[in-house]
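First up is the structure itself, then whatever we jot down about it.
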Amino acid sequence: MEFFQHLLNALQFGSFYALIALGYTLVYGVLRLINFAHGDIFMVGAYIAYFVAVLLLGGEGMSGLGLSPGLTLAITVPATMVLTSLVGVALERTMYRPLRRKGADRLYVVITALMAGLMLENGNLALLGASRKSFPELMEKVIWTFGDVSVTNLKVVVVVAALLVFALLEFIVTKTKIGMAMRGISYDKFAIPLMGIPLDTIIVFTFILGSSMAGLAGILFAMSYPILEPYMGALIGWKAFIAAVVGGIGDIRGAIVGGFLLGFIEIGVVAVFPSTLRDLFAFSVLLGILWLKPTGLFGVAQTTKI
């Protein structure tokens, strides 16, 4: 029974990592760019969800519309995903696109992504202060008990959301024309414009998808652990990036598998050892996987034609 309880907890943690890792994978798969600001976009998504929810519900010293929690949740989820995707598009338009058009080396784009993440963190700190925000309760908690195993409705929602997002992205990338264009850009971004495909439009669509997934992860995380602070996206963003690399960055299946694998390892370590050893053991195992398969579980070694 204890094993199944830890398994459920691991599925919940893994879902957060998987949703964020999907954003890393999408951007890298198209642009070969590691968007290190993605973890902070997740943080921005959580804060956007907070302010939208408070505006609709009222409270926290703000006069809201007084909507019911259920209706507030139904509005907050799509609104958060849309607004968070606008943040990702703004970063692409103002920071990444100018460098790409000038033919800047990939290293400078990565450094710019790191700078963008720091700007989001410290901009949040400057505007809202260091005080933590308490996310309002939008879903009445329901606990189902099966012997000694208990699961909440929110845990089920988190896991189901991650699986549905995976299925949706897999369909978009493999079965649609815009997905075919995304895969074509990852193969040869110089030939794609010659075929009449608008390069910038496909890139913007990629950032919309990735950032909206980060926004969805942000609101689900805020509902599960309702304390928000400006640096909440730093560590979880790095962990999600490592999960994407272990799964094979650039592959959607790898992002899902890597996220859940990291969640299983972390919860498994905490179940046996002190929690202070969680990150040490988890990253050591992941490092061992990369040592055995440097391209990740689903990654394929790529060759460069000269």
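To be explicit about the labels: the chains of the structure tokens are called A, B, and onward in the order shown, and within each one the residues are counted from 1, while ligands get numbers from 1 in the order they are shown.
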
Using only C-alpha atoms, find each residue of stretch 242-284 of chain A with at least one atom at most 10 Å away from an atom of stretch 5-29 of chain A; report its shortest atom-to-atom pair and that distance in Å (one decimal), sort the rows by chain and rising residue number, and return the result as CSV.
residue,atom,partner,partner_atom,distance
A:Ile242,CA,A:Ala21,CA,8.3
A:Ala243,CA,A:Ala21,CA,6.6
A:Ala244,CA,A:Ala21,CA,5.2
A:Val245,CA,A:Thr25,CA,8.5
A:Gly247,CA,A:Ala21,CA,9.5
A:Gly248,CA,A:Thr25,CA,8.5
A:Ile249,CA,A:Thr25,CA,5.2
A:Gly250,CA,A:Gly29,CA,4.1
A:Asp251,CA,A:Thr25,CA,6.3
A:Ile252,CA,A:Leu22,CA,6.4
A:Arg253,CA,A:Leu22,CA,9.0
A:Gly254,CA,A:Thr25,CA,8.5
A:Ala255,CA,A:Ala21,CA,5.3
A:Ile256,CA,A:Ala18,CA,4.8
A:Val257,CA,A:Ala18,CA,7.5
A:Gly258,CA,A:Ala18,CA,7.0
A:Gly259,CA,A:Ala18,CA,4.1
A:Phe260,CA,A:Gly14,CA,3.9
A:Leu261,CA,A:Gly14,CA,6.9
A:Leu262,CA,A:Gly14,CA,6.4
A:Gly263,CA,A:Gly14,CA,4.2
A:Phe264,CA,A:Ala10,CA,4.8
A:Ile265,CA,A:Ala10,CA,8.0
A:Glu266,CA,A:Ala10,CA,7.6
A:Ile267,CA,A:Ala10,CA,5.6
A:Gly268,CA,A:His6,CA,7.3
A:Val270,CA,A:His6,CA,9.3
A:Ala271,CA,A:His6,CA,7.4

Nearest to A:Phe207 by atom-to-atom distance, counting only C-alpha atoms, from A:Tyr96, A:Trp144, A:Trp291, A:Phe135: A:Tyr96

Residue with smallest distance to A:Pro78 - pool A:Pro193, A:Gly210, A:Gly215, A:Gly123, counting only C-alpha atoms: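 Going through A:Pro193, A:Gly210, A:Gly215, A:Gly123 one by one, the smallest distance to A:Pro78 is for A:Gly215.
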
Closest to A:Leu154 among A:Ala74, A:Met115, A:Val173, A:Met223, using only C-alpha atoms?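 Comparing A:Ala74, A:Met115, A:Val173, A:Met223 against A:Leu154, the winner is A:Met223.
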
Could you pull the residues within 9 Å of A:Phe205, counting only C-alpha atoms, minus those fewer than 4 positions along the same chain, as a list in words? Val89, Ile178, Asp200, Thr201, Leu209 and Gly210 of chain A

As a ChimeraX atom specification, please: all residues of stretch 119-303 of chain A that backbone DSSP puts in helix (DSSP H, G or I). /A:119-128,153-175,177-187,193-195,199-224,232-247,252-272,275-292

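Contact shell of A:Ile197 at 10 Å (only C-alpha atoms; same-chain neighbours under 6 positions omitted): A:Ile178, A:Ala181, A:Gly184, A:Ile185, A:Ala191.
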
Quick check, in Å to one decimal: how far apart do atom CA of A:Tyr187 and atom CA of A:Ala217 lie? 28.9 Å

In Å, how far is it from atom CA of A:Ala282 to atom CA of A:Leu297?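 Separation between atom CA of A:Ala282 and atom CA of A:Leu297: 16.1 Å.
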
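Compared by their closest atoms to A:Leu65, and using only C-alpha atoms, the residues A:Val142, A:Met180, A:Leu31, A:Ala53 rank with A:Ala53 nearest.
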
Residues of stretch 92-302 of chain A classed as strand (DSSP E or B) by DSSP on the backbone are to be reported as a ChimeraX atom specification. /A:133-134,143-146,149-152,227-228

Limited to C-alpha atoms, could you put the picked residues into a file as an mmCIF file, in the first residue's frame?
data_model
loop_
_atom_site.group_PDB
_atom_site.id
_atom_site.type_symbol
_atom_site.label_atom_id
_atom_site.label_comp_id
_atom_site.auth_asym_id
_atom_site.auth_seq_id
_atom_site.Cartn_x
_atom_site.Cartn_y
_atom_site.Cartn_z
ATOM 1 C CA LYS A 133 1.435 34.888 -2.347
ATOM 2 C CA SER A 134 -1.183 32.408 -1.212
ATOM 3 C CA ILE A 143 -10.134 12.368 -1.298
ATOM 4 C CA TRP A 144 -10.665 8.833 -2.487
ATOM 5 C CA THR A 145 -9.373 6.120 -0.183
ATOM 6 C CA PHE A 146 -8.508 2.584 -1.254
ATOM 7 C CA VAL A 149 -3.893 4.482 -0.293
ATOM 8 C CA SER A 150 -5.479 7.904 -0.730
ATOM 9 C CA VAL A 151 -5.653 10.021 -3.864
ATOM 10 C CA THR A 152 -7.136 13.472 -4.332
ATOM 11 C CA ILE A 227 2.561 29.301 -2.071
ATOM 12 C CA LEU A 228 4.083 31.487 -4.793
#
